[in-house]
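Data first, discussion second: the structure below is written as structure tokens.
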Number of protein chains: 2
Amino acid sequence: MRPARHPEVGDITLTGVLAALSDPIRVGVVRVLADGSERGWGEFQAPVAKSTLSHHLRVLRDAGLTRTRQEGTRCFVVLRGGELRDRFPGLLEAVLAAAEEEDLGRQVALKPAPGIT
Amino acid sequence: MRPARHPEVGDITLTGVLAALSDPIRVGVVRVLADGSERGWGEFQAPVAKSTLSHHLRVLRDAGLTRTRQEGTRCFVVLRGGELRDRFPGLLEAVLAAAEEEDLGRQVALKPAPGIT
DNA sequence: TTCGATGTTCCACGAACAACGAACGAAAGG
DNA sequence: CCTTTCGTTCGTTGTTCGTGGAACATCGAA
């Protein structure tokens, strides 16, 4: 497993972020993470194969939207909210509000986290 | 020439808008139109073939970002700023500010409008 | 009518992308 | 050791996208 690169805040590009957010599933993931909490990979429930979900997680990470941490065999993901707000003020809020209004990304939900009672 | 459809305000989707804005040239066009003025097709100067520019204009129109009016053989384009702000509050401003900060879409400029002296 | 200017549309190409299954690799437990 | 679990990576397939060139349609002017 590669060490999972994350771009620096300054290297996050607008087109990269917008492209990453132009997919409903990825918007759904961001919505789930919007409260700032860290989520385990397995908590996500989406109508795609796990390899596809892994791909989407990777796109979000490469675009600088999320940060991934690995702990043993599982990995956890968290939204880079602060850095994003710092770099693109208002963008995240606007997108999240619009997504909420459209109920975009509703296909992505949370499983009842197993083991984390 | 087709009558050029424009989506209703309510039919504008977030993913559509974000996808449309994930291309530097289209962001450049939006930046040029950001002051609300109506521009002639020929005023745009971009490093692409005219068919490609026409395609980008079409993508922006289909996504609901711009409105196209035809007058004789030329056509004019204007940003649907009010409607966009109404549907996705803050989104346009955030994107424009971010684009400004990155100088994204600088490849798109204005020719000195010929004939409109 | 004939010409030129202006955009649109069609077609084709290469690149990028989304999706899946399968194989792989790294812990953790038996 | 072997097995299970978890996530990545690979190979493939089909679709979409950006691009340019050529052909077409429309209007104004000569």
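Residues are named by chain letter and number: chains run A, B, ... in the order of the structure tokens, numbers start at 1 in each chain, and ligands are numbered from 1 in the order shown.
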Please report as a list in words which residues of chain D come no farther than 12 Å from chain A, using only C-alpha atoms (C1' of nucleotides).
-> DT5, DC6, DG7, DT8, DT9 and DC10 of chain D
For Glu38 in chain A: contacts at 10 Å, only C-alpha atoms (C1' of nucleotides), fewer than 6 positions along chain excluded, given as a ChimeraX atom specification | /A:32,67-69,76-79
Would you save the residues from that selection as a PDB file, in the first residue's frame, using N, CA, C and O atoms?
ATOM      1  N   VAL A  32     -21.421  13.464   3.990  1.00  0.00           N
ATOM      2  CA  VAL A  32     -21.323  12.644   5.192  1.00  0.00           C
ATOM      3  C   VAL A  32     -20.214  13.170   6.105  1.00  0.00           C
ATOM      4  O   VAL A  32     -20.336  13.172   7.328  1.00  0.00           O
ATOM      5  N   ARG A  67      -8.571  13.913   3.913  1.00  0.00           N
ATOM      6  CA  ARG A  67      -7.299  13.412   4.404  1.00  0.00           C
ATOM      7  C   ARG A  67      -7.518  11.988   4.903  1.00  0.00           C
ATOM      8  O   ARG A  67      -8.507  11.700   5.566  1.00  0.00           O
ATOM      9  N   THR A  68      -6.600  11.118   4.546  1.00  0.00           N
ATOM     10  CA  THR A  68      -6.754   9.713   4.893  1.00  0.00           C
ATOM     11  C   THR A  68      -5.685   9.283   5.881  1.00  0.00           C
ATOM     12  O   THR A  68      -4.512   9.608   5.718  1.00  0.00           O
ATOM     13  N   ARG A  69      -6.126   8.568   6.885  1.00  0.00           N
ATOM     14  CA  ARG A  69      -5.219   8.070   7.894  1.00  0.00           C
ATOM     15  C   ARG A  69      -5.375   6.562   7.953  1.00  0.00           C
ATOM     16  O   ARG A  69      -6.474   6.030   7.826  1.00  0.00           O
ATOM     17  N   PHE A  76      -9.151   5.632   7.830  1.00  0.00           N
ATOM     18  CA  PHE A  76     -10.155   6.609   8.202  1.00  0.00           C
ATOM     19  C   PHE A  76      -9.974   7.852   7.355  1.00  0.00           C
ATOM     20  O   PHE A  76      -8.861   8.193   6.962  1.00  0.00           O
ATOM     21  N   VAL A  77     -11.078   8.502   7.106  1.00  0.00           N
ATOM     22  CA  VAL A  77     -11.049   9.667   6.229  1.00  0.00           C
ATOM     23  C   VAL A  77     -11.751  10.831   6.914  1.00  0.00           C
ATOM     24  O   VAL A  77     -12.711  10.642   7.659  1.00  0.00           O
ATOM     25  N   VAL A  78     -11.219  12.015   6.667  1.00  0.00           N
ATOM     26  CA  VAL A  78     -11.787  13.208   7.288  1.00  0.00           C
ATOM     27  C   VAL A  78     -11.710  14.345   6.274  1.00  0.00           C
ATOM     28  O   VAL A  78     -10.808  14.391   5.434  1.00  0.00           O
ATOM     29  N   LEU A  79     -12.693  15.227   6.347  1.00  0.00           N
ATOM     30  CA  LEU A  79     -12.731  16.369   5.435  1.00  0.00           C
ATOM     31  C   LEU A  79     -11.692  17.416   5.853  1.00  0.00           C
ATOM     32  O   LEU A  79     -11.522  17.681   7.043  1.00  0.00           O
TER      33      LEU A  79
END
All helix (DSSP H, G or I) positions in chain A, as number ranges by chain | A: 9-11, 14-20, 24-33, 41-43, 50-63, 81-87, 91-102
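With only C-alpha atoms (C1' of nucleotides) as the atoms that count, the residue of A:Arg61, A:Arg106, A:Arg85, A:His56 with the shortest distance to chain C is A:His56.
Every protein, DNA or RNA residue with an atom at most 7 Å from Ser22 in chain B, where only C-alpha atoms (C1' of nucleotides) count and chain neighbours fewer than 5 positions away do not, is listed here: Thr15, Leu18 and Ala19 of chain A.
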How close does chain B get to chain A? List, as a tab-separated table, each residue of chain B within 12 Å, its nearest atom pair and the distance in Å to one decimal, counting only C-alpha atoms.
residue	atom	partner	partner_atom	distance
B:Gly10	CA	A:Glu102	CA	10.1
B:Asp11	CA	A:Glu102	CA	10.5
B:Ile12	CA	A:Glu102	CA	10.1
B:Thr13	CA	A:Glu102	CA	7.9
B:Leu14	CA	A:Ala98	CA	6.8
B:Thr15	CA	A:Ser22	CA	4.6
B:Gly16	CA	A:Ser22	CA	7.1
B:Val17	CA	A:Ser22	CA	8.1
B:Leu18	CA	A:Ser22	CA	5.4
B:Ala19	CA	A:Ser22	CA	5.1
B:Ala20	CA	A:Ser22	CA	8.8
B:Leu21	CA	A:Leu18	CA	6.8
B:Ser22	CA	A:Thr15	CA	4.6
B:Asp23	CA	A:Thr15	CA	6.5
B:Pro24	CA	A:Thr15	CA	7.0
B:Ile25	CA	A:Thr15	CA	10.6
B:Arg26	CA	A:Thr15	CA	10.5
B:Val27	CA	A:Thr15	CA	8.9
B:Gly28	CA	A:Thr15	CA	11.6
B:Leu84	CA	A:Ala98	CA	11.0
B:Arg85	CA	A:Ala94	CA	10.4
B:Asp86	CA	A:Ala98	CA	10.8
B:Arg87	CA	A:Ala98	CA	7.9
B:Phe88	CA	A:Ala98	CA	5.7
B:Pro89	CA	A:Ala94	CA	6.5
B:Gly90	CA	A:Ala94	CA	5.4
B:Leu91	CA	A:Ala94	CA	4.9
B:Leu92	CA	A:Leu91	CA	8.7
B:Glu93	CA	A:Gly90	CA	8.2
B:Ala94	CA	A:Leu91	CA	5.0
B:Val95	CA	A:Leu91	CA	6.6
B:Leu96	CA	A:Leu91	CA	9.8
B:Ala97	CA	A:Phe88	CA	7.8
B:Ala98	CA	A:Phe88	CA	5.7
B:Ala99	CA	A:Leu14	CA	6.9
B:Glu100	CA	A:Leu14	CA	10.3
B:Glu101	CA	A:Phe88	CA	8.9
B:Glu102	CA	A:Leu14	CA	7.8
B:Asp103	CA	A:Leu14	CA	10.3
B:Leu104	CA	A:Leu14	CA	8.2
B:Gly105	CA	A:Thr15	CA	10.2
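Every chain C residue lying within 8 Å of chain B, based on only C-alpha atoms (C1' of nucleotides), is listed here: DT6, DG7 and DT8 of chain C.
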Give me a file of those residues, with all heavy atoms, as a PDB file, in the first residue's frame.
ATOM      1  P    DT C   6     -16.876  38.277 -38.598  1.00  0.00           P
ATOM      2  OP1  DT C   6     -16.840  39.453 -37.720  1.00  0.00           O
ATOM      3  OP2  DT C   6     -15.659  37.464 -38.821  1.00  0.00           O
ATOM      4  O5'  DT C   6     -18.027  37.304 -38.100  1.00  0.00           O
ATOM      5  C5'  DT C   6     -19.372  37.744 -38.137  1.00  0.00           C
ATOM      6  C4'  DT C   6     -20.296  36.633 -37.675  1.00  0.00           C
ATOM      7  O4'  DT C   6     -20.533  35.711 -38.767  1.00  0.00           O
ATOM      8  C3'  DT C   6     -19.725  35.792 -36.525  1.00  0.00           C
ATOM      9  O3'  DT C   6     -20.706  35.672 -35.515  1.00  0.00           O
ATOM     10  C2'  DT C   6     -19.425  34.441 -37.171  1.00  0.00           C
ATOM     11  C1'  DT C   6     -20.484  34.400 -38.269  1.00  0.00           C
ATOM     12  N1   DT C   6     -20.138  33.490 -39.394  1.00  0.00           N
ATOM     13  C2   DT C   6     -21.124  32.651 -39.881  1.00  0.00           C
ATOM     14  O2   DT C   6     -22.251  32.629 -39.430  1.00  0.00           O
ATOM     15  N3   DT C   6     -20.727  31.855 -40.920  1.00  0.00           N
ATOM     16  C4   DT C   6     -19.472  31.800 -41.497  1.00  0.00           C
ATOM     17  O4   DT C   6     -19.243  31.033 -42.417  1.00  0.00           O
ATOM     18  C5   DT C   6     -18.499  32.694 -40.933  1.00  0.00           C
ATOM     19  C7   DT C   6     -17.109  32.725 -41.487  1.00  0.00           C
ATOM     20  C6   DT C   6     -18.880  33.481 -39.919  1.00  0.00           C
ATOM     21  P    DG C   7     -20.234  35.652 -33.962  1.00  0.00           P
ATOM     22  OP1  DG C   7     -20.857  36.765 -33.240  1.00  0.00           O
ATOM     23  OP2  DG C   7     -18.771  35.473 -33.920  1.00  0.00           O
ATOM     24  O5'  DG C   7     -20.895  34.304 -33.454  1.00  0.00           O
ATOM     25  C5'  DG C   7     -20.637  33.126 -34.166  1.00  0.00           C
ATOM     26  C4'  DG C   7     -21.873  32.250 -34.182  1.00  0.00           C
ATOM     27  O4'  DG C   7     -22.044  31.765 -35.519  1.00  0.00           O
ATOM     28  C3'  DG C   7     -21.731  31.026 -33.279  1.00  0.00           C
ATOM     29  O3'  DG C   7     -23.003  30.585 -32.809  1.00  0.00           O
ATOM     30  C2'  DG C   7     -21.125  30.003 -34.218  1.00  0.00           C
ATOM     31  C1'  DG C   7     -21.702  30.392 -35.577  1.00  0.00           C
ATOM     32  N9   DG C   7     -20.754  30.172 -36.672  1.00  0.00           N
ATOM     33  C8   DG C   7     -19.496  30.688 -36.799  1.00  0.00           C
ATOM     34  N7   DG C   7     -18.879  30.281 -37.887  1.00  0.00           N
ATOM     35  C5   DG C   7     -19.800  29.453 -38.504  1.00  0.00           C
ATOM     36  C6   DG C   7     -19.703  28.730 -39.720  1.00  0.00           C
ATOM     37  O6   DG C   7     -18.772  28.673 -40.513  1.00  0.00           O
ATOM     38  N1   DG C   7     -20.873  28.022 -39.979  1.00  0.00           N
ATOM     39  C2   DG C   7     -21.980  28.011 -39.172  1.00  0.00           C
ATOM     40  N2   DG C   7     -23.007  27.278 -39.571  1.00  0.00           N
ATOM     41  N3   DG C   7     -22.086  28.683 -38.039  1.00  0.00           N
ATOM     42  C4   DG C   7     -20.955  29.378 -37.771  1.00  0.00           C
ATOM     43  P    DT C   8     -23.039  29.391 -31.746  1.00  0.00           P
ATOM     44  OP1  DT C   8     -24.093  29.701 -30.784  1.00  0.00           O
ATOM     45  OP2  DT C   8     -21.665  29.094 -31.301  1.00  0.00           O
ATOM     46  O5'  DT C   8     -23.529  28.178 -32.640  1.00  0.00           O
ATOM     47  C5'  DT C   8     -24.729  28.332 -33.401  1.00  0.00           C
ATOM     48  C4'  DT C   8     -24.969  27.094 -34.255  1.00  0.00           C
ATOM     49  O4'  DT C   8     -23.973  27.033 -35.301  1.00  0.00           O
ATOM     50  C3'  DT C   8     -24.858  25.771 -33.488  1.00  0.00           C
ATOM     51  O3'  DT C   8     -26.007  24.982 -33.758  1.00  0.00           O
ATOM     52  C2'  DT C   8     -23.576  25.133 -34.028  1.00  0.00           C
ATOM     53  C1'  DT C   8     -23.475  25.731 -35.413  1.00  0.00           C
ATOM     54  N1   DT C   8     -22.089  25.845 -35.931  1.00  0.00           N
ATOM     55  C2   DT C   8     -21.748  25.189 -37.084  1.00  0.00           C
ATOM     56  O2   DT C   8     -22.529  24.501 -37.717  1.00  0.00           O
ATOM     57  N3   DT C   8     -20.438  25.372 -37.481  1.00  0.00           N
ATOM     58  C4   DT C   8     -19.469  26.124 -36.847  1.00  0.00           C
ATOM     59  O4   DT C   8     -18.337  26.219 -37.290  1.00  0.00           O
ATOM     60  C5   DT C   8     -19.907  26.774 -35.644  1.00  0.00           C
ATOM     61  C7   DT C   8     -18.934  27.616 -34.871  1.00  0.00           C
ATOM     62  C6   DT C   8     -21.172  26.607 -35.242  1.00  0.00           C
TER      63       DT C   8
END
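Note that the spacing between CA of Ala46 in chain A and CA of Val59 in chain A amounts to 15.8 Å.
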Using only C-alpha atoms (C1' of nucleotides), which residues sit within 12 Å of DT3 in chain D once same-chain residues fewer than 4 positions away are excluded, as a PyMOL selection string?
-> chain C and resi 28-30
Please, could you write that set of residues out with C-alpha atoms (C1' of nucleotides) as a compact mmCIF listing (two decimals), in the first residue's frame?
# COMPACT_ATOMS: atom_id res chain seq x y z
C1' DA C 28 -5.15 -9.43 13.09
C1' DG C 29 -6.83 -14.01 14.92
C1' DG C 30 -7.42 -18.72 14.81
In Å and to one decimal, CA of Ala4 in chain A is distant from C1' of DG11 in chain D by 21.8 Å
Determine which residues of chain A receive a DSSP assignment of strand (DSSP E or B), computed from the backbone, and state them as a ChimeraX atom specification.
-> /A:39-40,44-45,66-71,74-79,109-110
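With only C-alpha atoms (C1' of nucleotides) as the atoms that count, the minimum distance from Ala49 in chain B to the choices D:DT12, D:DT4, D:DT19, D:DT26 is reached by D:DT19.
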For the atom pair CA of Gln107 in chain B and CA of Pro47 in chain B, what is the interatomic distance in Å to one decimal place?
-> 6.9 Å
